[in-house]
Amino acid sequence: MTSLLVIAKAPVPGRVKTRLTPPFTPGQAAALAEAALADTLAAVLATPADRHVLVLDGAPGPWLPPGFEVVPQRGRGLDERLAAAFADCAGPALLIGMDTPQVTPGLLAPALVFDTCDAWFGPAADGGFWALGLAAADPALLLGVPMSVPETGAVQ
């Protein structure tokens, strides 16, 4: 059973895109986050997978389209929250973040095929990653990885 996971914060003013305030107001920053999340969720729904899961910090809102299983984020740091998201999967899983409005089903679908590999990694220009796929959940692969720093991708 393949799972396609999106890890996200509910787009609530003052809780998302706070590095953009100022110059944006908290409401403007939340609107930007909601737009990016909506684009990401649409691409994920259009990608064939057995499960489409939103791993959410916060409460679902009217921005959530039907077709998603919503599970709460668990853990303190991002490494723990990512590990917990994978631990809830019974088979192969691909995880992306909410800030990936550039994704398309054409980019995501090949990363859900694990016939010739055990993992899939989508590096980001800032040193992190935009996608991580695992043929089998292994939380140990994420725990202790420093997140949101330039060397995140290299350590992962």
# chains A, B, ... in the order shown; residues from 1 in each chain; ligands from 1
>>> residues_around(residues="A:Ala83", least_positions_apart="6", cutoff="8 Å", atoms="only C-alpha atoms", output="PDB file with C-alpha atoms, in the first residue's frame")
ATOM      1  CA  ASP A 138      12.392   3.281   9.331  1.00  0.00           C
ATOM      2  CA  PRO A 139      12.071   6.179  11.785  1.00  0.00           C
ATOM      3  CA  ALA A 140      15.751   5.809  12.707  1.00  0.00           C
ATOM      4  CA  LEU A 141      16.642   7.234   9.288  1.00  0.00           C
ATOM      5  CA  LEU A 142      15.135  10.580  10.334  1.00  0.00           C
ATOM      6  CA  LEU A 143      15.662  10.835  14.068  1.00  0.00           C
TER       7      LEU A 143
END
>>> closest_residue(among="A:Ala135, A:Val103, A:Leu54, A:Leu37", to="A:Cys117", atoms="only C-alpha atoms")
A:Ala135
>>> atom_distance(atom1="atom CA of A:Leu78", atom2="atom CA of A:Ile7")
9.9 Å
>>> residues_around(residues="A:Pro101", least_positions_apart="5", cutoff="9 Å", atoms="only C-alpha atoms", output="list in words")
Ala35, Ala36, Leu37, Ala38, Asp39, Thr40, Leu41 and Ala43 of chain A
>>> select_by_dssp(residues="chain A", states="strand (DSSP E or B)", output="VMD selection string")
chain A and resid 3 to 9 51 to 57 69 to 72 93 to 97 119 to 123 129 to 134
>>> write_last_selection(atoms="N, CA, C and O atoms", output="compact mmCIF listing (two decimals), in the first residue's frame")
# COMPACT_ATOMS: atom_id res chain seq x y z
N SER A 3 1.65 5.23 0.24
CA SER A 3 1.11 6.43 0.90
C SER A 3 1.84 7.65 0.37
O SER A 3 3.06 7.65 0.23
N LEU A 4 1.07 8.68 0.07
CA LEU A 4 1.62 9.97 -0.34
C LEU A 4 1.25 10.95 0.76
O LEU A 4 0.07 11.20 1.02
N LEU A 5 2.26 11.44 1.47
CA LEU A 5 2.08 12.26 2.66
C LEU A 5 2.44 13.72 2.38
O LEU A 5 3.43 14.00 1.71
N VAL A 6 1.64 14.61 2.94
CA VAL A 6 1.96 16.04 2.94
C VAL A 6 2.03 16.46 4.40
O VAL A 6 1.07 16.28 5.15
N ILE A 7 3.17 16.99 4.81
CA ILE A 7 3.29 17.50 6.18
C ILE A 7 3.06 19.01 6.12
O ILE A 7 3.63 19.70 5.27
N ALA A 8 2.18 19.50 7.00
CA ALA A 8 1.76 20.90 6.89
C ALA A 8 1.32 21.46 8.23
O ALA A 8 0.95 20.72 9.14
N LYS A 9 1.36 22.77 8.29
CA LYS A 9 0.72 23.53 9.36
C LYS A 9 -0.56 24.11 8.78
O LYS A 9 -0.58 24.53 7.61
N ARG A 51 -3.08 5.76 -0.49
CA ARG A 51 -3.49 6.69 0.57
C ARG A 51 -2.93 8.06 0.26
O ARG A 51 -1.78 8.20 -0.11
N HIS A 52 -3.76 9.07 0.46
CA HIS A 52 -3.34 10.47 0.41
C HIS A 52 -3.54 10.99 1.82
O HIS A 52 -4.68 11.03 2.32
N VAL A 53 -2.45 11.37 2.48
CA VAL A 53 -2.49 11.69 3.90
C VAL A 53 -1.97 13.10 4.14
O VAL A 53 -0.88 13.45 3.66
N LEU A 54 -2.71 13.88 4.89
CA LEU A 54 -2.26 15.18 5.35
C LEU A 54 -1.85 15.02 6.81
O LEU A 54 -2.67 14.70 7.66
N VAL A 55 -0.56 15.21 7.08
CA VAL A 55 -0.02 15.12 8.43
C VAL A 55 0.00 16.56 8.94
O VAL A 55 0.85 17.36 8.56
N LEU A 56 -0.97 16.89 9.78
CA LEU A 56 -1.31 18.28 10.05
C LEU A 56 -1.00 18.73 11.47
O LEU A 56 -1.33 18.05 12.44
N ASP A 57 -0.42 19.92 11.56
CA ASP A 57 -0.27 20.65 12.81
C ASP A 57 -1.39 21.70 12.80
O ASP A 57 -1.30 22.67 12.04
N GLU A 69 -6.88 11.62 4.09
CA GLU A 69 -6.91 11.16 5.47
C GLU A 69 -6.08 12.17 6.25
O GLU A 69 -4.96 12.50 5.84
N VAL A 70 -6.61 12.69 7.34
CA VAL A 70 -5.89 13.69 8.13
C VAL A 70 -5.43 13.04 9.43
O VAL A 70 -6.23 12.44 10.15
N VAL A 71 -4.13 13.15 9.69
CA VAL A 71 -3.57 12.65 10.94
C VAL A 71 -2.79 13.79 11.59
O VAL A 71 -2.17 14.60 10.90
N PRO A 72 -2.82 13.85 12.91
CA PRO A 72 -2.07 14.92 13.59
C PRO A 72 -0.58 14.64 13.60
O PRO A 72 -0.15 13.48 13.64
N ALA A 93 6.21 4.89 1.15
CA ALA A 93 5.63 6.21 1.37
C ALA A 93 6.55 7.29 0.81
O ALA A 93 7.76 7.17 0.85
N LEU A 94 5.92 8.33 0.31
CA LEU A 94 6.62 9.52 -0.15
C LEU A 94 6.06 10.69 0.62
O LEU A 94 4.83 10.86 0.70
N LEU A 95 6.94 11.50 1.20
CA LEU A 95 6.53 12.66 1.99
C LEU A 95 7.04 13.93 1.33
O LEU A 95 8.20 13.99 0.92
N ILE A 96 6.15 14.93 1.23
CA ILE A 96 6.54 16.25 0.78
C ILE A 96 5.98 17.27 1.76
O ILE A 96 5.10 16.96 2.56
N GLY A 97 6.49 18.49 1.68
CA GLY A 97 6.02 19.55 2.54
C GLY A 97 4.94 20.37 1.86
O GLY A 97 4.67 20.24 0.67
N ALA A 119 14.90 3.93 -1.41
CA ALA A 119 14.60 5.29 -0.97
C ALA A 119 14.62 6.22 -2.17
O ALA A 119 15.21 5.91 -3.21
N TRP A 120 13.97 7.35 -1.99
CA TRP A 120 13.94 8.40 -3.02
C TRP A 120 14.17 9.71 -2.31
O TRP A 120 13.58 9.98 -1.26
N PHE A 121 15.02 10.56 -2.89
CA PHE A 121 15.41 11.81 -2.25
C PHE A 121 15.31 12.94 -3.25
O PHE A 121 15.89 12.86 -4.34
N GLY A 122 14.58 14.00 -2.91
CA GLY A 122 14.47 15.18 -3.75
C GLY A 122 15.20 16.33 -3.11
O GLY A 122 14.68 16.98 -2.20
N PRO A 123 16.44 16.59 -3.51
CA PRO A 123 17.22 17.66 -2.87
C PRO A 123 16.67 19.04 -3.21
O PRO A 123 16.12 19.25 -4.29
N PHE A 129 15.62 19.19 1.61
CA PHE A 129 14.98 18.34 0.62
C PHE A 129 13.51 18.70 0.51
O PHE A 129 12.91 19.17 1.46
N TRP A 130 12.96 18.49 -0.68
CA TRP A 130 11.55 18.78 -0.90
C TRP A 130 10.71 17.51 -0.86
O TRP A 130 9.49 17.56 -0.72
N ALA A 131 11.36 16.35 -0.98
CA ALA A 131 10.65 15.08 -0.94
C ALA A 131 11.57 14.00 -0.40
O ALA A 131 12.78 14.04 -0.61
N LEU A 132 10.96 13.06 0.31
CA LEU A 132 11.69 11.91 0.82
C LEU A 132 10.77 10.71 0.72
O LEU A 132 9.64 10.73 1.23
N GLY A 133 11.24 9.68 0.05
CA GLY A 133 10.46 8.46 -0.08
C GLY A 133 11.21 7.29 0.52
O GLY A 133 12.43 7.19 0.39
N LEU A 134 10.48 6.39 1.16
CA LEU A 134 11.06 5.20 1.77
C LEU A 134 10.23 3.99 1.38
O LEU A 134 8.99 4.01 1.49
>>> closest_residue(among="A:Gly14, A:Pro48, A:Gly128, A:Gly27", to="A:Ala109", atoms="only C-alpha atoms")
A:Pro48
